[in-house]
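*Asks:* One structure is given below, represented as structure tokens, and several questions about it will come after.
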Amino acid sequence: MSTATESAPTTPEFRAGKWSVTLTVMLGMMSTILSSTMINVAIPDIMGTFGIGQDRAHWMSTGFLAAMTCTMLLNAWFVRNLGVRNTFVMAMVVFSGASIVGQTAADFNLVVMSRIVQGACAGLLQPLAMTVIYPAFPPEERGKAMGIFSMGVVMGPAIGPTIGGFIIDNAEWRYVFTFALPFTVVATMLGARYLPGRDDTLERVKFNWLNFILICSAVATLLTGISNGQREGWLSPFVVGLLLFAFASSLAFLLLETYSKSPLVGVRVFSDRTFAISALVGFMFGAGMFGSIYLMPIFVQTVQGFTATKAGLLLLIAGLLVAVVFPIAGRMAGKIPSGYPMTVGLLMFGFSSLILTDSTVNSSFAFLAIWATVGRVGLGLITPSLNTGAMVNLRPEILPYGAGALNFVRMFGGALGVNVIAVFLEIRTQSHGATFKAYQTSDNQVTQDLLRHLHELLARDGVVAIDATRVTMRFLAQTVAAKANMLAFQDAYMVLAWGFAAAACVAALLMRRLPPNDRP
């Protein structure tokens with residue numbers, strides 16, 4: 001059986017200092033993460049521009065994350081065959097081109113395609129950043145290094161919606177695509193200067209097209225099947241066929257990866273129990289982080305009527321406090337077992353989601369900001385320990401595979417989380433709406449009193465009876481829809497709360513059962 005070590009690239013040799021290299025890759029990674037989350041506050045405006053519903057609009061986030069998930073597996077192959085420098089520069093240039101296409105697109109499908117290309121480039125950059133930063137620091141400073149890397153992972157989603165909201169309120173949503181363009185240009189120039197080139201002592205390997213097509217097919221058909229389940233019917237031949245194809249593709253991918261001479265993942269990394277447990281927690285982390293980032297801006301804009309800027313400020317406040325938490329979390333990652341901060345962080349995020357289930361149209365900005373901050377601080381505790389704990393037992397020659405696999409699992413969780421949250425919102429909104437409509441009968445005294453009072457007010461203003469009746473009925477329908485929408489968001493936060501509580505229990509239980517020599 002072929003192992004990852006047979007074809008894995010070695011870690012790069014650095015001619016520049018560790019901080020020059022770190023600044024370069026972090027600037028590139030932050031540019032892509034900003035772009036991935038700025039779009040969330042623009043979703044209501046984009047829906048209005050193209051006349052689409054949430055069932056299609058979420059593909060701007062899901063498509064980005066899905067493409068990012070798949071190309072993360074190519075990190076090791078690109079590093080081996082092109083080198084760190086060429087891979088980084090290529091990804092930056094293509095990402096910049098896709099950003100320009102997204103800003104000028106006149107069709108929604110082209111907007112989604114530009115997001116998919118952006119996501120594909122971001123997928124190459126994020127594990128590349130971990131692969132470069134981790135060996136650039138000595139072992140005693142790697143907790144600090146992962147704290148720096150994690151700051152980019154969580155700070156980007158915190159700052160992105162704020163910047164996007166400011167752009168939307170003061171310019172146009174299209175500029176969220178090109179805001180990061182100056183940073184990508186600078187990152188490209190720094191990458192060409194500071195990052196190491198290809199190691200010519202390594203033999204080039206063939207690209208495993210079959211395995212890559214299988215994993216892309218599995219991810220795409222799974223997400224498409226889930227997205228269409230509510231509209232087409234969960235037992236419809238179309239949806240069932242997609243889900244079965246996703247399962248078959250995943251199984252074939254795993255079997256071929258096990259025996260491949262040029263694996264995309266290098267399944268041997270999962271034989272390390274610490275890495276496997278960290279990957280499981282990383283999946284839940286990705287689902288919760290990106291699911292909540294998708295959820296919060298839409299909730300406050302559609303339910304509470306916040307402006308895009310005000311919606312973004314919610315996550316900015318949390319991001320500023322996370323910046324304080326990261327240095328502490330980075331130091332903790334190098335000194336105590338990773339299971340402890342991961343468990344505490346998961347519980348904090350789960351508890352904040354539980355409190356947010358009480359969010360209503362009357363919830364204050366302070367209430368939402370405080371509990372969103374508690375959740376983000378929890379995520380800040382998780383990430384350095386998650387990354388350090390996952391990589392600590394891996395040999396240098398398989399670090400690129402470990403980085404690619406860990407980021408793949410986390411981003412797949414993110415793509416699936418956004419997809420499931422969007423579908424769940426649609427299902428619960430329809431369910432609550434149907435329940436409320438069933439009670440709006442002539443026997444409902446509260447409803448009848450409301451309609452009668454509104455009808456009298458309209459009559460005083462000179463509105464004829466037939467028009468007054470239409471207005472009152474439209475008002476009732478809008479009130480019922482708004483209430484159903486609000487309750488659906490509360491249900492979604494409850495799902496996040498239970499999911500993170502379960503993840504915390506898994507992390508605590510499994511970390512306790514590891515033998516001492518496996519504990520980071």
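A note on labels: chains of the structure tokens are A, B, ... as shown, every chain counts residues from 1, and ligands are counted from 1 in their shown order.
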Dump as a Markdown table the rows for residues of region 293-402 of chain A within 9 Å of region 262-271 of chain A: closest atom pair and distance in Å with one decimal, only C-alpha atoms counted, ordered by chain and rising residue number.
*Replies:*
| residue | atom | partner | partner_atom | distance |
| --- | --- | --- | --- | --- |
| A:Leu394 | CA | A:Val269 | CA | 7.3 |
| A:Ile398 | CA | A:Val269 | CA | 7.6 |
| A:Leu399 | CA | A:Val269 | CA | 8.9 |
| A:Tyr401 | CA | A:Val265 | CA | 5.7 |
| A:Gly402 | CA | A:Val269 | CA | 6.1 |
*Asks:* Store the residues of this selection in a file with N, CA and C atoms, as a PDB file, in the first residue's frame.
*Replies:*
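In the end it all went to selection06.pdb:
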ATOM      1  N   LEU A 394       2.897  14.687  13.472  1.00  0.00           N
ATOM      2  CA  LEU A 394       3.169  14.384  12.067  1.00  0.00           C
ATOM      3  C   LEU A 394       4.624  14.673  11.730  1.00  0.00           C
ATOM      4  N   ILE A 398       5.286  14.733   5.886  1.00  0.00           N
ATOM      5  CA  ILE A 398       3.847  14.623   5.608  1.00  0.00           C
ATOM      6  C   ILE A 398       3.063  15.812   6.152  1.00  0.00           C
ATOM      7  N   LEU A 399       3.775  16.865   6.601  1.00  0.00           N
ATOM      8  CA  LEU A 399       3.086  18.067   7.052  1.00  0.00           C
ATOM      9  C   LEU A 399       2.178  18.663   5.980  1.00  0.00           C
ATOM     10  N   TYR A 401       0.513  17.198   3.669  1.00  0.00           N
ATOM     11  CA  TYR A 401      -0.704  16.394   3.598  1.00  0.00           C
ATOM     12  C   TYR A 401      -1.578  16.628   4.833  1.00  0.00           C
ATOM     13  N   GLY A 402      -0.940  16.756   5.995  1.00  0.00           N
ATOM     14  CA  GLY A 402      -1.708  17.024   7.198  1.00  0.00           C
ATOM     15  C   GLY A 402      -2.409  18.365   7.135  1.00  0.00           C
TER      16      GLY A 402
END
*Asks:* Step one, run DSSP on the backbone; step two, keep only residues of region 166-410 of chain A assigned to alpha helix (DSSP H); then write them as a PyMOL selection string.
*Replies:* chain A and resi 166-170+181-194+209-232+237-259+273-302+308-333+339-356+365-391+399-410
*Asks:* Could you tell me how far CA of Gly53 (chain A) sits from CA of Arg231 (chain A), in Å to one decimal place?
*Replies:*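 These two atoms are separated by 12.1 Å.
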*Asks:* May I have the residues within 7 Å of Ser35 (chain A) as a list in words, using only C-alpha atoms and disregarding those fewer than 3 positions away in the same chain?
*Replies:*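 Here the answer would be Ser31, Thr32, Met38, Ile39, Gly160, Phe177 and Ala180 of chain A.
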*Asks:* Would you write out those residues with N, CA and C atoms, as a short mmCIF file (atom, residue, chain, number, x, y, z; two decimals), in the first residue's frame?
*Replies:*
data_model
loop_
_atom_site.label_atom_id
_atom_site.label_comp_id
_atom_site.auth_asym_id
_atom_site.auth_seq_id
_atom_site.Cartn_x
_atom_site.Cartn_y
_atom_site.Cartn_z
N SER A 31 -6.61 38.11 2.51
CA SER A 31 -7.33 38.69 1.36
C SER A 31 -8.43 37.76 0.89
N THR A 32 -8.14 36.49 0.82
CA THR A 32 -9.14 35.53 0.35
C THR A 32 -10.23 35.31 1.39
N MET A 38 -17.21 38.81 3.17
CA MET A 38 -17.81 40.11 2.87
C MET A 38 -19.12 39.96 2.12
N ILE A 39 -19.24 38.87 1.36
CA ILE A 39 -20.42 38.68 0.52
C ILE A 39 -21.68 38.43 1.34
N GLY A 160 -14.51 41.02 7.68
CA GLY A 160 -15.10 41.03 6.35
C GLY A 160 -16.51 41.60 6.28
N PHE A 177 -16.37 42.56 -4.30
CA PHE A 177 -15.53 41.61 -5.03
C PHE A 177 -14.10 42.12 -5.19
N ALA A 180 -10.46 43.67 -1.93
CA ALA A 180 -9.19 43.06 -1.52
C ALA A 180 -8.14 43.08 -2.62
#
*Asks:* Given only C-alpha atoms as the basis, pick out the residue of A:Leu244, A:Leu195, A:Val322, A:Val506 nearest to Tyr340 (chain A).
*Replies:*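 Closest to Tyr340 (chain A) of all the choices is A:Val506.
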*Asks:* Within 8 Å of Met289 (chain A), counting only C-alpha atoms, which residues qualify if same-chain residues fewer than 3 places away don't, as a list in words?
*Replies:* Phe285, Gly286, Ser292, Ile293, Leu379 and Gly414 of chain A
*Asks:* At what distance in Å, to one decimal, does CA of Asp272 (chain A) lie from CA of Thr71 (chain A)?
*Replies:*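 CA of Thr71 (chain A) sits 23.1 Å away from CA of Asp272 (chain A).
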